[in-house]
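Structure first, then comments.
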Amino acid sequence: MVRPFTDNEKAEIKQKMVVLAAELFKEQPFKDVKVSDITQKLGIAKGSFYNFFSSKESLLLAVLADIEKDFHQKILSLMSAEKDKKNFLIKIMQYYATECRNNELFKIIFNNEALQSLLKKIPEEQKVEMFKADEELLIKLVSNELQLKVPIEVAVDMLRAVFYLQSITNDLQCDIDTYNYHLISAVVNEIFE
């Protein structure tokens, strides 16, 4: 008889799934990655996957949450040394907008059809967690000498929209970097004092 995973084993396996999935999602299209690819490489039964994630989309969201967490930590770490916080925020957002445009994982998300499919399939509590992480980052940014001019929910949605808009860059008539500079500058200046 197979014994159940301990809590430590569960946490370790879940993190390994996230890391492995990130690698697989970068190597091949999301739709081509199968749950069995992940479980087989980890040496666990396919059915065990569902003890950790409700779906492949839920796993993708966990991968993106890890990337976003790293992004948030880098912003806060780098920002503490900056004098001009708004200008720094504009520059770092430009950098990460470019990263998002060039990152295979974000290309999946920025495909509107994939995004809608993902949002329909993920558990509500997982969506709430991601939105809460963005709000917490904004609260930390505000406590670091920036003041909001709009309600926090509006600010979070405006900042998030900058990254969602990276999906339409093929439809632009101007250079993407010029577009991003002006869009991000306008958003940051509209949100912060």
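Naming scheme: A, B, ... for chains in displayed order of the structure tokens; residues 1 onward per chain; ligands 1 onward as shown.
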Taking only C-alpha atoms into account, produce a table as JSON lines in which each residue of stretch 108-189 of chain A with an atom at most 12 Å from an atom of stretch 63-75 of chain A appears once, together with its shortest atom pair and the distance in Å to one decimal, ordered by chain and rising number.
{"residue": "A:Ile108", "atom": "CA", "partner": "A:Leu64", "partner_atom": "CA", "distance": 10.7}
{"residue": "A:Ile109", "atom": "CA", "partner": "A:Leu64", "partner_atom": "CA", "distance": 9.2}
{"residue": "A:Leu118", "atom": "CA", "partner": "A:Leu64", "partner_atom": "CA", "distance": 11.9}
{"residue": "A:Gln126", "atom": "CA", "partner": "A:Ala65", "partner_atom": "CA", "distance": 9.5}
{"residue": "A:Lys127", "atom": "CA", "partner": "A:Ala65", "partner_atom": "CA", "distance": 10.1}
{"residue": "A:Val128", "atom": "CA", "partner": "A:Ala65", "partner_atom": "CA", "distance": 11.6}
{"residue": "A:Glu129", "atom": "CA", "partner": "A:Ala65", "partner_atom": "CA", "distance": 8.8}
{"residue": "A:Met130", "atom": "CA", "partner": "A:Ala65", "partner_atom": "CA", "distance": 6.6}
{"residue": "A:Phe131", "atom": "CA", "partner": "A:Ala65", "partner_atom": "CA", "distance": 10.0}
{"residue": "A:Lys132", "atom": "CA", "partner": "A:Ala65", "partner_atom": "CA", "distance": 11.1}
{"residue": "A:Ala133", "atom": "CA", "partner": "A:Lys69", "partner_atom": "CA", "distance": 7.8}
{"residue": "A:Asp134", "atom": "CA", "partner": "A:His72", "partner_atom": "CA", "distance": 8.2}
{"residue": "A:Glu135", "atom": "CA", "partner": "A:His72", "partner_atom": "CA", "distance": 10.8}
{"residue": "A:Glu136", "atom": "CA", "partner": "A:His72", "partner_atom": "CA", "distance": 9.5}
{"residue": "A:Leu137", "atom": "CA", "partner": "A:His72", "partner_atom": "CA", "distance": 6.4}
{"residue": "A:Leu138", "atom": "CA", "partner": "A:His72", "partner_atom": "CA", "distance": 9.5}
{"residue": "A:Ile139", "atom": "CA", "partner": "A:His72", "partner_atom": "CA", "distance": 11.7}
{"residue": "A:Lys140", "atom": "CA", "partner": "A:His72", "partner_atom": "CA", "distance": 9.9}
{"residue": "A:Leu141", "atom": "CA", "partner": "A:Ile75", "partner_atom": "CA", "distance": 9.0}
{"residue": "A:Asn144", "atom": "CA", "partner": "A:Ile75", "partner_atom": "CA", "distance": 11.6}
{"residue": "A:Arg160", "atom": "CA", "partner": "A:Glu68", "partner_atom": "CA", "distance": 11.4}
{"residue": "A:Phe163", "atom": "CA", "partner": "A:Glu68", "partner_atom": "CA", "distance": 11.7}
Write out as a tab-separated table (two decimals) with C-alpha atoms, in the first residue's frame each polymer residue whose atoms come within 9 Å of A:Ser185, counting only C-alpha atoms; drop sequence neighbours fewer than 2 positions from it.
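After the write, part-v3.tsv holds the following:
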chain	number	residue	atom	x	y	z
A	86	LYS	CA	8.30	57.90	-9.52
A	87	ASN	CA	11.01	58.00	-12.16
A	89	LEU	CA	9.01	53.14	-10.97
A	90	ILE	CA	8.61	54.23	-14.60
A	91	LYS	CA	12.00	52.76	-15.53
A	180	ASN	CA	5.53	51.88	-23.16
A	181	TYR	CA	7.45	54.92	-21.95
A	182	HIS	CA	4.47	57.22	-22.52
A	183	LEU	CA	1.86	54.77	-21.28
A	187	VAL	CA	-0.20	55.75	-15.54
A	188	VAL	CA	2.43	56.36	-12.83
A	189	ASN	CA	1.86	60.13	-12.91
A	190	GLU	CA	-1.91	59.64	-12.73
Task: Selected residue, from A:Ser48, A:Ser36, A:Ser55, A:Ser143, that lies nearest to A:Leu76 when counting only C-alpha atoms - done: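 Using only C-alpha atoms, A:Leu76 sits closest to A:Ser143.
Each of A:Ile184, A:Leu60, A:Val150, A:Ala45 was checked against A:Leu165 using only C-alpha atoms; the smallest atom-to-atom distance is that of A:Ile184.
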- [ ] Go through A:Ala186, A:Leu20, A:Leu59, A:Ile13 one by one, measure the shortest atom-to-atom distance of each to A:Ile44 using only C-alpha atoms, and give the residue with the smallest value.
- [x] A:Ile13
TODO: Just list the residues in stretch 8-121 of chain A DSSP gives alpha helix (DSSP H) on the backbone, as a count of residues only.
DONE: 87
Task: Residues within 12 Å of A:Lys16, only C-alpha atoms, excluding chain neighbours under 4 positions, as an NGL selection string - done: :A and (9-12 or 20-23 or 38-39 or 41-44 or 49 or 52 or 59 or 62-63)
